[in-house]
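K.L.:
For reference, this is model11.csv, and it has CSV, C-alpha atoms and all ligand atoms.
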chain,number,residue,atom,x,y,z
A,1,MET,CA,-79.0,36.9,124.0
A,2,ILE,CA,-81.4,36.1,126.9
A,3,ASP,CA,-83.5,38.6,128.9
A,4,THR,CA,-83.4,36.7,132.2
A,5,HIS,CA,-86.0,38.9,134.0
A,6,CYS,CA,-88.9,40.8,132.7
A,7,HIS,CA,-92.7,41.0,133.4
A,8,LEU,CA,-94.6,40.5,130.2
A,9,PHE,CA,-98.0,40.3,131.9
A,10,PHE,CA,-98.2,44.0,132.8
A,11,GLU,CA,-100.9,46.1,131.1
A,12,HIS,CA,-98.1,48.1,129.5
A,13,TYR,CA,-98.0,45.4,126.7
A,14,GLN,CA,-101.7,44.7,126.3
A,15,ASP,CA,-101.9,46.4,122.9
A,16,ASP,CA,-98.7,45.3,121.2
A,17,LEU,CA,-97.1,42.3,122.9
A,18,ASP,CA,-96.9,40.5,119.5
A,19,VAL,CA,-94.9,43.4,118.1
A,20,VAL,CA,-92.7,43.6,121.1
A,21,MET,CA,-91.9,39.9,121.0
A,22,ARG,CA,-91.3,39.9,117.2
A,23,ARG,CA,-88.9,42.9,117.7
A,24,ALA,CA,-87.0,41.0,120.4
A,25,LYS,CA,-86.7,37.9,118.2
A,26,GLU,CA,-85.7,39.7,115.1
A,27,GLY,CA,-83.2,41.8,117.1
A,28,GLY,CA,-81.4,38.7,118.5
A,29,VAL,CA,-83.1,38.1,121.9
A,30,GLU,CA,-83.6,34.4,121.6
A,31,ARG,CA,-85.2,33.8,124.9
A,32,VAL,CA,-87.1,35.7,127.6
A,33,ILE,CA,-88.0,34.7,131.1
A,34,THR,CA,-91.2,36.4,132.4
A,35,ILE,CA,-91.1,36.5,136.2
A,36,SER,CA,-94.1,36.0,138.4
A,37,LEU,CA,-95.1,38.0,141.4
A,38,ASP,CA,-98.0,35.9,142.8
A,39,LYS,CA,-100.7,33.4,141.6
A,40,PRO,CA,-102.6,35.6,139.0
A,41,THR,CA,-99.3,36.8,137.4
A,42,ALA,CA,-98.0,33.2,137.3
A,43,GLU,CA,-101.3,32.1,135.6
A,44,GLU,CA,-100.8,34.9,133.1
A,45,ASN,CA,-97.1,34.0,132.5
A,46,LEU,CA,-98.0,30.3,131.9
A,47,ARG,CA,-100.4,31.5,129.2
A,48,LEU,CA,-97.7,33.6,127.7
A,49,VAL,CA,-95.3,30.6,127.5
A,50,GLU,CA,-97.9,28.8,125.4
A,51,ARG,CA,-98.4,31.9,123.2
A,52,TYR,CA,-94.7,32.2,122.4
A,53,PRO,CA,-93.3,28.7,122.4
A,54,GLY,CA,-89.6,28.4,122.4
A,55,GLN,CA,-89.2,32.1,123.1
A,56,VAL,CA,-90.8,32.6,126.5
A,57,TRP,CA,-90.2,30.7,129.7
A,58,CYS,CA,-91.4,31.7,133.2
A,59,THR,CA,-90.9,31.4,137.0
A,60,VAL,CA,-93.4,30.9,139.8
A,61,GLY,CA,-93.2,32.5,143.2
A,62,VAL,CA,-94.4,35.2,145.5
A,63,HIS,CA,-92.8,38.6,145.5
A,64,PRO,CA,-92.3,40.0,149.1
A,65,ALA,CA,-94.5,43.1,148.3
A,66,GLU,CA,-97.4,40.7,147.4
A,67,ILE,CA,-97.4,38.9,150.7
A,68,ALA,CA,-100.8,40.3,151.8
A,69,ASN,CA,-102.5,39.0,148.6
A,70,VAL,CA,-101.4,35.4,148.8
A,71,SER,CA,-103.2,32.6,150.5
A,72,GLU,CA,-102.0,29.1,151.6
A,73,ASP,CA,-104.0,27.7,148.7
A,74,ASP,CA,-102.1,30.0,146.3
A,75,LEU,CA,-98.8,28.9,147.7
A,76,LEU,CA,-99.7,25.2,147.3
A,77,TRP,CA,-100.8,25.8,143.8
A,78,LEU,CA,-97.5,27.7,143.0
A,79,GLU,CA,-95.5,24.9,144.5
A,80,ALA,CA,-97.3,22.4,142.4
A,81,MET,CA,-96.9,24.5,139.2
A,82,SER,CA,-93.1,24.5,139.7
A,83,GLY,CA,-93.1,21.1,138.2
A,84,ASP,CA,-94.3,22.5,134.8
A,85,PRO,CA,-91.6,22.1,132.1
A,86,SER,CA,-91.9,25.8,131.2
A,87,VAL,CA,-90.9,26.9,134.8
A,88,VAL,CA,-87.2,27.5,135.0
A,89,ALA,CA,-86.9,29.0,138.5
A,90,ILE,CA,-88.7,30.0,141.7
A,91,GLY,CA,-89.1,33.7,141.8
A,92,GLU,CA,-89.2,36.4,142.3
A,93,ILE,CA,-88.8,35.8,146.1
A,94,GLY,CA,-86.9,37.7,148.8
A,95,LEU,CA,-87.3,40.8,150.9
A,96,ASP,CA,-88.4,44.3,150.2
A,97,ILE,CA,-88.5,46.9,153.0
A,98,TYR,CA,-88.5,49.9,150.7
A,99,ARG,CA,-91.9,50.9,152.2
A,100,GLY,CA,-91.0,49.9,155.8
A,101,GLU,CA,-90.3,46.9,157.9
A,102,THR,CA,-93.7,46.3,159.4
A,103,ASN,CA,-94.1,42.8,157.9
A,104,LEU,CA,-90.4,41.8,157.8
A,105,LYS,CA,-90.9,38.7,159.9
A,106,GLU,CA,-93.6,37.4,157.6
A,107,GLN,CA,-91.5,38.2,154.5
A,108,GLU,CA,-88.6,36.3,156.0
A,109,LYS,CA,-90.8,33.2,156.7
A,110,LEU,CA,-92.2,33.3,153.2
A,111,PHE,CA,-88.8,33.7,151.7
A,112,GLU,CA,-87.4,30.7,153.7
A,113,ARG,CA,-90.3,28.6,152.7
A,114,GLN,CA,-89.8,29.3,149.0
A,115,LEU,CA,-86.0,28.8,149.3
A,116,ALA,CA,-86.7,25.4,150.9
A,117,HIS,CA,-89.2,24.5,148.1
A,118,ALA,CA,-86.6,25.5,145.4
A,119,ARG,CA,-84.0,23.2,147.0
A,120,HIS,CA,-86.6,20.4,147.3
A,121,VAL,CA,-87.4,20.5,143.5
A,122,GLY,CA,-83.9,21.4,142.4
A,123,LEU,CA,-84.7,24.8,140.8
A,124,PRO,CA,-82.7,28.0,140.9
A,125,VAL,CA,-84.1,31.1,142.7
A,126,VAL,CA,-84.6,34.6,141.4
A,127,ILE,CA,-84.0,36.9,144.4
A,128,HIS,CA,-85.3,40.4,145.0
A,129,HIS,CA,-83.4,42.3,147.7
A,130,ARG,CA,-84.7,45.9,147.5
A,131,ALA,CA,-83.5,48.0,150.4
A,132,ALA,CA,-83.3,44.8,152.5
A,133,GLY,CA,-79.5,45.0,153.0
A,134,LEU,CA,-77.7,42.1,154.7
A,135,ARG,CA,-80.8,40.3,155.9
A,136,THR,CA,-81.4,38.8,152.4
A,137,ILE,CA,-78.0,37.3,152.1
A,138,GLU,CA,-78.0,36.1,155.7
A,139,ILE,CA,-81.1,34.1,155.0
A,140,THR,CA,-79.8,32.5,151.8
A,141,GLU,CA,-76.6,31.6,153.6
A,142,ALA,CA,-78.4,30.0,156.4
A,143,ALA,CA,-80.8,28.2,154.0
A,144,GLY,CA,-78.0,26.8,151.9
A,145,ASN,CA,-79.4,27.4,148.4
A,146,THR,CA,-76.5,27.7,145.9
A,147,ARG,CA,-78.2,28.3,142.6
A,148,GLY,CA,-79.8,31.5,141.5
A,149,VAL,CA,-79.5,35.1,140.9
A,150,PHE,CA,-79.7,38.3,142.9
A,151,HIS,CA,-81.6,40.4,140.4
A,152,CYS,CA,-81.4,44.2,139.8
A,153,PHE,CA,-78.3,44.2,142.0
A,154,SER,CA,-78.0,47.3,144.1
A,155,GLU,CA,-75.5,46.5,146.9
A,156,ASP,CA,-71.8,47.0,147.2
A,157,TYR,CA,-68.7,44.9,146.4
A,158,ASP,CA,-68.5,43.2,149.8
A,159,TYR,CA,-72.1,42.1,149.4
A,160,ALA,CA,-71.5,41.0,145.8
A,161,LYS,CA,-68.5,38.8,147.0
A,162,ARG,CA,-70.8,37.1,149.5
A,163,VAL,CA,-73.4,36.5,146.8
A,164,LEU,CA,-70.8,35.0,144.4
A,165,ASN,CA,-69.1,32.9,147.2
A,166,GLN,CA,-72.4,31.3,147.8
A,167,GLY,CA,-72.7,30.2,144.2
A,168,PHE,CA,-75.2,32.8,143.1
A,169,HIS,CA,-75.0,35.1,140.1
A,170,ILE,CA,-75.7,38.8,139.9
A,171,SER,CA,-77.8,40.5,137.3
A,172,PHE,CA,-77.9,44.1,136.1
A,173,THR,CA,-80.8,46.0,134.6
A,174,GLY,CA,-81.0,49.2,132.6
A,175,ASN,CA,-80.1,51.1,135.7
A,176,ILE,CA,-76.4,50.3,135.0
A,177,THR,CA,-76.6,52.8,132.2
A,178,TYR,CA,-77.8,55.6,134.4
A,179,LYS,CA,-75.7,58.7,134.9
A,180,ASN,CA,-73.7,58.7,138.2
A,181,SER,CA,-74.6,55.0,138.9
A,182,PRO,CA,-72.1,53.2,141.1
A,183,LEU,CA,-72.9,50.0,139.3
A,184,PRO,CA,-70.4,50.2,136.4
A,185,ASP,CA,-67.5,50.4,138.9
A,186,LEU,CA,-68.9,47.4,140.8
A,187,ALA,CA,-69.5,45.4,137.6
A,188,HIS,CA,-65.9,46.1,136.6
A,189,ARG,CA,-64.7,44.2,139.6
A,190,LEU,CA,-67.0,41.1,139.0
A,191,PRO,CA,-66.1,38.2,136.7
A,192,LEU,CA,-68.2,38.5,133.5
A,193,ASP,CA,-69.1,34.8,133.7
A,194,ARG,CA,-71.1,35.4,136.9
A,195,ILE,CA,-73.1,38.2,135.5
A,196,LEU,CA,-76.6,37.9,133.9
A,197,LEU,CA,-78.5,40.4,131.8
A,198,GLU,CA,-82.0,41.5,132.5
A,199,THR,CA,-84.4,44.3,131.7
A,200,ASP,CA,-86.9,44.1,134.5
A,201,ALA,CA,-89.2,45.4,131.8
A,202,PRO,CA,-91.6,47.3,131.7
A,203,PHE,CA,-89.5,49.1,134.4
A,204,MET,CA,-85.9,50.3,134.5
A,205,ALA,CA,-85.6,51.2,130.8
A,206,PRO,CA,-81.9,51.9,129.9
A,207,VAL,CA,-80.5,55.1,128.5
A,208,PRO,CA,-81.6,56.3,125.8
A,209,HIS,CA,-85.1,54.9,126.6
A,210,ARG,CA,-85.0,56.0,130.3
A,211,GLY,CA,-88.4,57.0,131.6
A,212,LYS,CA,-90.2,55.1,128.9
A,213,ARG,CA,-91.6,51.5,128.8
A,214,ALA,CA,-88.8,49.0,128.7
A,215,GLU,CA,-89.0,45.8,126.6
A,216,PRO,CA,-86.8,42.7,126.1
A,217,LEU,CA,-84.9,44.2,123.1
A,218,HIS,CA,-83.4,46.8,125.5
A,219,ILE,CA,-81.1,44.0,126.9
A,220,PHE,CA,-78.7,45.2,124.2
A,221,GLU,CA,-78.1,48.5,126.0
A,222,VAL,CA,-77.2,46.6,129.2
A,223,ALA,CA,-74.9,44.3,127.2
A,224,ALA,CA,-73.3,47.3,125.4
A,225,LYS,CA,-72.6,48.9,128.8
A,226,LEU,CA,-71.0,45.8,130.1
A,227,SER,CA,-68.9,45.5,127.0
A,228,GLU,CA,-67.6,49.0,127.6
A,229,ILE,CA,-67.0,48.3,131.3
A,230,HIS,CA,-65.1,45.0,130.7
A,231,GLN,CA,-63.4,46.1,127.4
A,232,VAL,CA,-64.7,43.2,125.4
A,233,SER,CA,-66.9,43.1,122.3
A,234,ILE,CA,-70.7,43.0,122.7
A,235,HIS,CA,-70.5,39.7,120.9
A,236,GLU,CA,-68.3,38.3,123.7
A,237,VAL,CA,-70.7,39.7,126.4
A,238,ALA,CA,-73.6,38.1,124.6
A,239,ARG,CA,-71.8,34.7,124.3
A,240,ILE,CA,-70.7,34.6,127.9
A,241,THR,CA,-73.9,35.8,129.5
A,242,THR,CA,-76.0,33.5,127.3
A,243,GLN,CA,-73.9,30.5,128.3
A,244,THR,CA,-74.3,31.4,132.0
A,245,ALA,CA,-78.1,31.9,131.7
A,246,GLN,CA,-78.4,28.6,129.8
A,247,SER,CA,-76.5,26.6,132.4
A,248,LEU,CA,-78.4,28.2,135.3
A,249,PHE,CA,-81.9,28.0,134.0
A,250,TRP,CA,-81.9,25.2,131.4
A,251,ASN,CA,-79.0,23.0,132.7
A,252,CYS,CA,-77.2,23.1,129.4
B,301,ZN,ZN,-87.4,42.5,141.8
B,302,ZN,ZN,-88.9,42.0,138.6
Would you mind writing the structure in this file as structure tokens?

P.N.:
Amino acid sequence: MIDTHCHLFFEHYQDDLDVVMRRAKEGGVERVITISLDKPTAEENLRLVERYPGQVWCTVGVHPAEIANVSEDDLLWLEAMSGDPSVVAIGEIGLDIYRGETNLKEQEKLFERQLAHARHVGLPVVIHHRAAGLRTIEITEAAGNTRGVFHCFSEDYDYAKRVLNQGFHISFTGNITYKNSPLPDLAHRLPLDRILLETDAPFMAPVPHRGKRAEPLHIFEVAAKLSEIHQVSIHEVARITTQTAQSLFWNC
């Protein structure tokens, strides 16, 4: 299985990352993509790729919530680093107006720039769309990117259809296991071969770990939930989602 979205650079792992990564490997999580938020986290992620060869890959990009901490030099550096063989996508990028819309115009400009760069270098994008509603999908539709994933999906079925029609995939985190979540009903209506698994670790730990630190091995709880929703074996969920992730991020 592949955890397509986690953040291994957080201090949550500073004491036991080797143990966490061994647990993932021995448990059947063959690959992990650690997602960057800005330049310092991208530098850290590139070090982690070297520390866990063959197990960890990364992305480079600027998260909308980090917009104030990023300079033009940082952006140029990140764009140059997207050519590194360990970088499998541009991300996470997008819009986040959870704390208000004050800098929405700047967020949109930065999002558009990073989408254009992804098209230019031929990489998929990892899109963050928290609380940003239709604006996010309107921008990707206008930009014309067709490869990537709307991560930690939290919108409705009509929105999901637009995402899929554009060619993008949808990924679910541990929040699909939460009590009273509308996500299982939504996931039921989506084709399994357009869905990706992610933990967004250290956040979003699935039941029964909810409220604790998440880690890549928890991808199994997300897969188990999808197997229940789609009435197929967990083995089948693993096979299909792994294939989808491989073709999106590694072109194989
Ligand atoms: Zn995100
Ligand atoms: Zn994330």

K.L.:
Mind listing the residues within 10 Å of ligand ZN 301 (chain B), only C-alpha atoms and all ligand atoms counted, as a VMD selection string?

P.N.:
chain A and resid 5 to 6 35 to 37 63 to 65 91 to 96 126 to 130 150 to 153 200

K.L.:
Take CA of Ile139 in chain A and CA of Tyr157 in chain A and report the distance between them in Å, one decimal.

P.N.:
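One can read the CA of Ile139 in chain A to CA of Tyr157 in chain A distance as 18.6 Å.
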
K.L.:
Can you work out which one of A:Leu104, A:Ala224, A:Val70, A:Ala201 has the shortest atom-to-atom distance to Phe10 in chain A, counting only C-alpha atoms?

P.N.:
A:Ala201

K.L.:
How far is it from CA of Ile67 in chain A to CA of Thr102 in chain A, in Å with one decimal?

P.N.:
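Atom-to-atom, CA of Ile67 in chain A to CA of Thr102 in chain A, that is 12.0 Å.
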
K.L.:
Excluding range 210-213 of chain A and its own-chain neighbours fewer than 5 positions away, which residues fall within 8 Å of it when counting only C-alpha atoms? Please give them as a list in words.

P.N.:
His12, Ala201, Pro202, Phe203, Met204 and Ala205 of chain A

K.L.:
With C-alpha atoms retained, export the selected residues as a compact mmCIF listing (two decimals), in the coordinates of the input.

P.N.:
# COMPACT_ATOMS: atom_id res chain seq x y z
CA HIS A 12 -98.10 48.10 129.50
CA ALA A 201 -89.20 45.40 131.80
CA PRO A 202 -91.60 47.30 131.70
CA PHE A 203 -89.50 49.10 134.40
CA MET A 204 -85.90 50.30 134.50
CA ALA A 205 -85.60 51.20 130.80

K.L.:
For ligand ZN 302 (chain B), which of A:Val20, A:Val87, A:Val149, A:Leu76 is the closest residue, counting only C-alpha atoms and all ligand atoms?

P.N.:
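With only C-alpha atoms and all ligand atoms as the atom set, the closest residue is A:Val149.
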
K.L.:
Residues near Ala118 in chain A, anyone? I mean within 8 Å using only C-alpha atoms, not counting same-chain ones fewer than 5 positions away, as a list in words.

P.N.:
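With the cut-off at 8 Å, the set is Ala89, Ile90, Leu123, Pro124 and Val125 of chain A.
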